[in-house]
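Note sheet for the following structure.
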Amino acid sequence: MQKIIALILSTLLVVTTAFSQSREEFNGPFASWANVKTRFKAKGDGVTDDTRSLQMAIDSLSCTSIGFNKETSTAYTCIYIPRGHYKVSQTLNLRGKIGVNIIGEDPANTFIEWAGNDKDTMLLANGSACYKIARLTFDAKNKKEIEGIGIHWLQKWTEPKNRSYASSNIEIADCIFSGNMAVGIGGGYNWNDSEVKINRCSFNACSVAGIRITGYNALDYWIWYCKFYNCNRGIINVSGNFHAYSCYFKQSAYADVESDKGYYTSLRGCFSDNSGSLQYDKGSSNNPFKRVFQNNVVVAPQTTPVQYGHAGKLTFLNNQFDGVLIKQPPTAATGDKPYLVYYAGWFGTNYNVLSIGNKYIYDQPFALSVKYPKKIYGLNDSYGKKALPKGSDFVAKMPVTPALTKRKVFEVPVNADVKTMQAVINNAAKLQGQRPIVHFPVGQYLIDQPLVIPSGSDMQIIGDGFIYASVINAKKPFTGSSLIKVKGPSYIEIKDIQIGSGVIKPLNGIEFENIDQPSSNVHIDQIYSLADTSLFVNGFNYTAFEKNNSFFSDGNVIVGGSKQKAGTGTLQVYCFGGQFKGTSVYNNGVFVAKDCWWEGPSRVPLDLQGDGSITIDGAMMAPAKVDSLPSIKIGKFSGKLNFLNMYIQGGVSIEANNPDLNLLFWNINFFHKLNVLNAIPAKFSGKLAFAGINAQCFDQKNPLCKDVQTLNDKFVNVSDENKYFNDQTMQDRMSMPAGYQNLGAGVSNIYIGRVSLDGSMVGLKFSK
């Protein structure tokens, strides 16, 4: 993927971050995993140099897509590192691998300890994709300028038994970075190094940053539930982007986040505790970068929490800000009074802010440009000193590393026929309430009829990798709509497995029936779908869906049931890093997508008709062959459409006869289209707002293309601008991650994690 975009350089609603009891657990090792002690003779005694043993284990990981180590007797895609102290003196290289896992027993007792030189990387992932590294502590042992894990695609190559892969669909989970490391996790180079989930990691006293992201293609870094203690900076972002959810920053010396360029970034549900600042943007420019702050708590900042000097707008939703400890320099806007946000630059644009539902200690929290136009759109902000949450309470409620849990394991024999597979599933289904595991080791599993998960099941279906590892596929097209059919109500987990390979249409990937009980949940995390429609929800009234960390998941069709249509249902689909392209809602369906890039061949990625609510907050929309024609087409629609904090390549078209449409574009940069407001029909019958809009073109003969253009805000049929913003962003402010958690009896609780869906018509189908 080529993601480099040319930039011209020159009613009160308070949502609190809620952590519920996580249902996640760690199961393993399975018999198909390679144990580095028993198979590769690593010692893990803290004295012996284990570099060679660990590197042999990594080098021998199967790569079935090119035929490397695919024999059943030797193949493995998971390395297991049992407890111990593993001394390494040279960089461990994960080179040219795809769909593999490196898993430690527990970061509390499984250590990779550096015994090499200064200025090095402990584990380098180069040209590898779809891998997971988890449950390890990386200890730099006080060596200088050490990077713990480097995600850097340094070169492209093709060899007889090895090749490079576009580095994406990566997870780093439950790792600790210590020993005065310079950088815990570093990502980015020239090519992809994108779509990275960093989950429940801890970064201790990193001298540069806990996480450093570098490069225009270092995109979609989703950082979840991480802890940053006494780092110089928690996160450094240079040119790429990141999104942090419910992270804790303690005493970051300079800033929790430092951005140097970077398209759009977000902090949602985070806690900043006595740090230098929350977010600092380097420099000042005419670039329309997007910065989103939602539901964060900032306690005892040393200096101005947010410092920003670019042409994009700032969005603050439901945050809480404490006072600054160190006296700030006076500004033309605030004089000698303290302030929380500095937002001014040399470029002539509108310095606008969206601020709703925040708690500010100062009655004038914004130091805005006095030279250029400015406006604050907002409602229900409050001012004055108030009791703020404690950092210790926040940390105590954060999700922890899932415990190693032993369950009854039903192993599926490699090359088993469909009757054998179904018999294994049926036996596991008898153990209701015990969460048994049906394990598919690395291999191909061919079926000629659907595998059926019985109603009332409480089981885990687990493979050995995200892609090209454990693959369930059709021998040939057969009667039956899906490869796997799940009957509800059920508690089902499907993880680390590939469903389908090649073109299996008209079959679907996984189909779920009768799971729409009140309070039911579906949690989808890291799916890779090549289906025409990745998510199809048909006739549901109650279920809450999350689709997270899933760039490759085009196509979302959400159809409400009778209660949802009448306004009495609770159906919702929230996506945090989940793809929005090809979305449709009907019968009052609700869809919110945040923090995800899209690019692809489709010239019109959003063609909208129907009824309900769609919000896209924090995104890039980049058709491959773009021009000034519409990339978003809005036909007859009843309900709310919100496009917030986005880059849109191309224009917009809007149908005039839309009396029930409420439309909002906020903080948008349009590429290739200057006269964006011409899209507003002369006799538009609905309500709309275009606010905080910039535009760019790339015609060297057009003098207007020499700089970013600022468009004046435009409202149509809106009498109260602030109330309109409040109403339109209500769903966005309500939507925060819920996570995978325990639920009551009699409902459905579905988890789908790190699953590939290849070649089907519908990837995940949910039917009444």
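Chain labels run A, B, ... following the order of the structure tokens; each chain numbers its residues from 1, and ligands are numbered from 1 in the order shown.
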
- Using DSSP on the backbone, list every residue of stretch 538-744 of chain A that comes out as helix (DSSP H, G or I), and give them as a ChimeraX atom specification. /A:562-566,676-679,703-706,721-728,730-734

- Could you tell me, as a PyMOL selection string, which residues of stretch 310-365 of chain A DSSP assigns to strand (DSSP E) when given the backbone? chain A and resi 314-317+320-321+341-343+351-356+359-360

- A straight line from atom CA of A:Lys495 to atom CA of A:Phe552 spans 16.7 Å

- Just how far from atom CA of A:Ala622 is atom CA of A:Phe536, in Å to one decimal?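 Going from atom CA of A:Phe536 over to atom CA of A:Ala622, I get 23.7 Å.
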
- Query: What is the atom CA of A:Ser259-atom CA of A:Leu278 distance in Å, reported with one decimal?
  - Reply: 11.1 Å

- Quick one: everything within 8 Å of A:Pro737, counting only C-alpha atoms, minus sequence neighbours fewer than 4 positions away in the same chain. Send it as a list in words. Glu546, Tyr574 and Phe576 of chain A

Filtering to N, CA and C atoms, could you give me those residues as a PDB file, in the first residue's frame?
ATOM      1  N   GLU A 546     -18.683  -4.274  18.794  1.00  0.00           N
ATOM      2  CA  GLU A 546     -17.451  -3.513  18.605  1.00  0.00           C
ATOM      3  C   GLU A 546     -16.626  -4.205  17.533  1.00  0.00           C
ATOM      4  N   TYR A 574     -19.979   0.010  17.126  1.00  0.00           N
ATOM      5  CA  TYR A 574     -18.920   0.971  17.377  1.00  0.00           C
ATOM      6  C   TYR A 574     -17.601   0.371  16.890  1.00  0.00           C
ATOM      7  N   PHE A 576     -13.462   1.123  16.813  1.00  0.00           N
ATOM      8  CA  PHE A 576     -12.299   1.886  17.248  1.00  0.00           C
ATOM      9  C   PHE A 576     -11.099   1.331  16.482  1.00  0.00           C
TER      10      PHE A 576
END
